[in-house]
Amino acid sequence: MYEFTDRVIAYLNRRFIEIFGKLKQRVIRRNLARMDEITVLNSVNDAYIELERVSRKMLGVIAEKTYTKLHNGGSLAEMWLTGFLDGYSPVTRYVFSQEVGRKRARLYEALVASKGDPAEIDKALRYWSKMVAEYAVEVTDAVMLQAMAEDGLSEVQWYTAEDERVCKECGRRHGLIYPINAVPPKPHWGCRCYLLPVN
C-alpha cells in the first residue's frame, strides 16, 4: 500500500513546486517593495487555495485506492476524508484543515516582513510538503485499519523497518499485537512502522 502512497507523494511534491514557483515568480516580478499588502495577501491566498485543493484531492485518491484494494472493491463514504482531516492528529499534533490557515498566515507575514525574500517561499514549500507527506501516510494507515476492521479482523501486529534508524519507542512496539480498535498512533513524524493483520 505504501508504494502507491509514495508515488502520490512524489506527484504532489512536483505540483507543490509548481504552485510555490508561480507564487515566487509573482513576488519577484512585482518586487514586494512596490507591492501592496493586499496583493501579497491575495497571491498567498490563491496559492494556498490551490495547495489545499490538490492535497485533498490526492489524499482522497490514496484513501479510495487503499480501501478498494483491501476491501474487495468497496468504496469509502465521500465524507470520510473531510472528517479525518478535520480531526486532531496525535502525530502532527494539529488539525490539517486548521494548519492550512496557519501556514498561509505565516508565509504572508514572512513575505511582508522580509520584503518578498524568495527563501521564505522555499521554506513554506518544505513545510507544506512535509505536512502533506505525513498526512498521506496517516490516511493510508487509517484506511487500512478501517478496511481490516470491516473485514472482521480483530487484531493487528506492529512492525518496524528493523534497521538502525528505528527509534526506541518503535523498537519497543515491534511485534506487539493490538486490538484493531486500540492501535496507538505512530509516535513521531516520518515513522516507517506498519501494521499487519494477525491471522
# chains A, B, ... in the order shown; residues from 1 in each chain; ligands from 1
>>> select_by_dssp(residues="range 8-196 of chain A", states="helix (DSSP H, G or I)", output="ChimeraX atom specification")
/A:8-30,32-34,37-70,79-85,96-114,118-150,168-173,180-182
>>> write_last_selection(atoms="C-alpha atoms", output="tab-separated table (two decimals), in the first residue's frame")
chain	number	residue	atom	x	y	z
A	8	VAL	CA	1.30	10.12	-4.85
A	9	ILE	CA	3.66	12.00	-2.51
A	10	ALA	CA	6.21	12.31	-5.35
A	11	TYR	CA	3.49	13.60	-7.70
A	12	LEU	CA	2.27	16.07	-5.07
A	13	ASN	CA	5.77	17.37	-4.45
A	14	ARG	CA	6.09	18.20	-8.16
A	15	ARG	CA	2.74	20.01	-8.06
A	16	PHE	CA	3.73	21.90	-4.90
A	17	ILE	CA	6.97	23.05	-6.56
A	18	GLU	CA	4.89	24.39	-9.47
A	19	ILE	CA	2.42	26.23	-7.22
A	20	PHE	CA	5.08	27.78	-5.00
A	21	GLY	CA	7.17	28.54	-8.11
A	22	LYS	CA	4.31	30.59	-9.58
A	23	LEU	CA	3.93	32.42	-6.29
A	24	LYS	CA	7.66	33.14	-6.23
A	25	GLN	CA	7.54	34.50	-9.78
A	26	ARG	CA	4.67	36.82	-8.87
A	27	VAL	CA	6.51	38.12	-5.80
A	28	ILE	CA	9.87	38.54	-7.58
A	29	ARG	CA	8.34	40.01	-10.75
A	30	ARG	CA	6.40	42.61	-8.84
A	32	LEU	CA	7.47	43.34	-2.91
A	33	ALA	CA	8.76	46.86	-2.20
A	34	ARG	CA	6.29	48.09	-4.85
A	37	GLU	CA	-0.03	44.10	1.26
A	38	ILE	CA	-3.43	43.28	-0.26
A	39	THR	CA	-1.74	41.98	-3.41
A	40	VAL	CA	0.63	39.86	-1.31
A	41	LEU	CA	-2.28	38.53	0.73
A	42	ASN	CA	-4.27	37.68	-2.42
A	43	SER	CA	-1.28	35.96	-4.05
A	44	VAL	CA	-0.57	33.83	-0.98
A	45	ASN	CA	-4.29	33.11	-0.56
A	46	ASP	CA	-4.61	31.92	-4.16
A	47	ALA	CA	-1.59	29.65	-3.77
A	48	TYR	CA	-2.92	28.05	-0.57
A	49	ILE	CA	-6.39	27.54	-2.02
A	50	GLU	CA	-4.78	25.57	-4.85
A	51	LEU	CA	-2.43	23.71	-2.48
A	52	GLU	CA	-5.31	22.60	-0.29
A	53	ARG	CA	-7.47	21.63	-3.28
A	54	VAL	CA	-4.72	19.49	-4.85
A	55	SER	CA	-3.74	17.96	-1.50
A	56	ARG	CA	-7.28	17.00	-0.52
A	57	LYS	CA	-7.97	15.55	-3.95
A	58	MET	CA	-4.88	13.33	-3.91
A	59	LEU	CA	-5.31	12.30	-0.26
A	60	GLY	CA	-8.78	11.21	-1.35
A	61	VAL	CA	-7.25	9.18	-4.18
A	62	ILE	CA	-4.94	7.47	-1.66
A	63	ALA	CA	-7.88	6.71	0.65
A	64	GLU	CA	-10.09	5.34	-2.12
A	65	LYS	CA	-7.37	3.24	-3.78
A	66	THR	CA	-6.21	1.78	-0.46
A	67	TYR	CA	-9.74	0.99	0.66
A	68	THR	CA	-10.73	-0.53	-2.69
A	69	LYS	CA	-7.66	-2.75	-2.77
A	70	LEU	CA	-8.12	-4.02	0.77
A	79	MET	CA	-17.17	12.49	3.83
A	80	TRP	CA	-14.59	10.14	5.35
A	81	LEU	CA	-11.59	12.22	4.29
A	82	THR	CA	-13.15	15.50	5.40
A	83	GLY	CA	-13.83	14.02	8.82
A	84	PHE	CA	-10.29	12.65	9.02
A	85	LEU	CA	-8.64	15.95	8.04
A	96	PHE	CA	-4.94	19.59	8.96
A	97	SER	CA	-7.74	21.97	7.99
A	98	GLN	CA	-6.68	24.50	10.65
A	99	GLU	CA	-2.98	24.19	9.83
A	100	VAL	CA	-3.67	25.28	6.25
A	101	GLY	CA	-4.73	28.70	7.54
A	102	ARG	CA	-1.78	28.94	9.91
A	103	LYS	CA	0.74	28.10	7.20
A	104	ARG	CA	-0.86	30.64	4.85
A	105	ALA	CA	-0.73	33.36	7.53
A	106	ARG	CA	2.90	32.53	8.39
A	107	LEU	CA	4.01	32.85	4.77
A	108	TYR	CA	2.12	36.11	4.28
A	109	GLU	CA	3.72	37.61	7.40
A	110	ALA	CA	7.17	36.34	6.42
A	111	LEU	CA	6.91	37.84	2.92
A	112	VAL	CA	5.79	41.22	4.24
A	113	ALA	CA	8.48	41.28	6.96
A	114	SER	CA	11.24	40.18	4.56
A	118	PRO	CA	12.12	34.12	-2.07
A	119	ALA	CA	13.75	32.00	0.65
A	120	GLU	CA	10.53	32.39	2.65
A	121	ILE	CA	8.59	30.76	-0.18
A	122	ASP	CA	11.11	27.91	-0.35
A	123	LYS	CA	10.72	27.38	3.41
A	124	ALA	CA	6.92	27.36	3.08
A	125	LEU	CA	7.22	24.76	0.30
A	126	ARG	CA	9.29	22.48	2.56
A	127	TYR	CA	6.82	22.81	5.44
A	128	TRP	CA	3.81	22.15	3.21
A	129	SER	CA	5.41	19.14	1.51
A	130	LYS	CA	6.41	17.61	4.83
A	131	MET	CA	2.92	18.07	6.27
A	132	VAL	CA	1.10	16.56	3.30
A	133	ALA	CA	3.53	13.61	3.12
A	134	GLU	CA	2.82	12.84	6.77
A	135	TYR	CA	-0.92	13.04	6.20
A	136	ALA	CA	-0.64	10.78	3.15
A	137	VAL	CA	0.86	8.08	5.36
A	138	GLU	CA	-1.72	8.72	8.09
A	139	VAL	CA	-4.57	8.43	5.59
A	140	THR	CA	-3.12	5.16	4.30
A	141	ASP	CA	-2.81	3.77	7.83
A	142	ALA	CA	-6.31	4.85	8.89
A	143	VAL	CA	-7.95	3.41	5.77
A	144	MET	CA	-6.05	0.14	6.15
A	145	LEU	CA	-7.26	-0.20	9.75
A	146	GLN	CA	-10.83	0.64	8.79
A	147	ALA	CA	-10.87	-1.87	5.93
A	148	MET	CA	-9.38	-4.61	8.12
A	149	ALA	CA	-11.93	-3.92	10.88
A	150	GLU	CA	-14.80	-4.03	8.37
A	168	LYS	CA	13.37	3.34	20.93
A	169	GLU	CA	9.59	3.68	21.14
A	170	CYS	CA	9.02	1.98	17.80
A	171	GLY	CA	11.56	-0.72	18.70
A	172	ARG	CA	9.63	-1.38	21.91
A	173	ARG	CA	6.41	-1.83	19.90
A	180	ILE	CA	-7.75	-3.22	15.90
A	181	ASN	CA	-9.79	-0.54	17.68
A	182	ALA	CA	-6.97	0.32	20.13
>>> atom_distance(atom1="CA of Tyr159 in chain A", atom2="CA of Pro197 in chain A")
10.8 Å
>>> residues_around(residues="range 194-196 of chain A", least_positions_apart="5", cutoff="10 Å", atoms="only C-alpha atoms", output="PyMOL selection string")
chain A and resi 2+141+144-145+148+155-161+174-178+180+183+186
>>> closest_residue(among="A:Asp86, A:His71, A:Pro185, A:Arg165", to="Leu153 in chain A", atoms="only C-alpha atoms")
A:His71
>>> select_by_dssp(residues="range 4-169 of chain A", states="strand (DSSP E)", output="ChimeraX atom specification")
/A:88-89,94-95,155-159
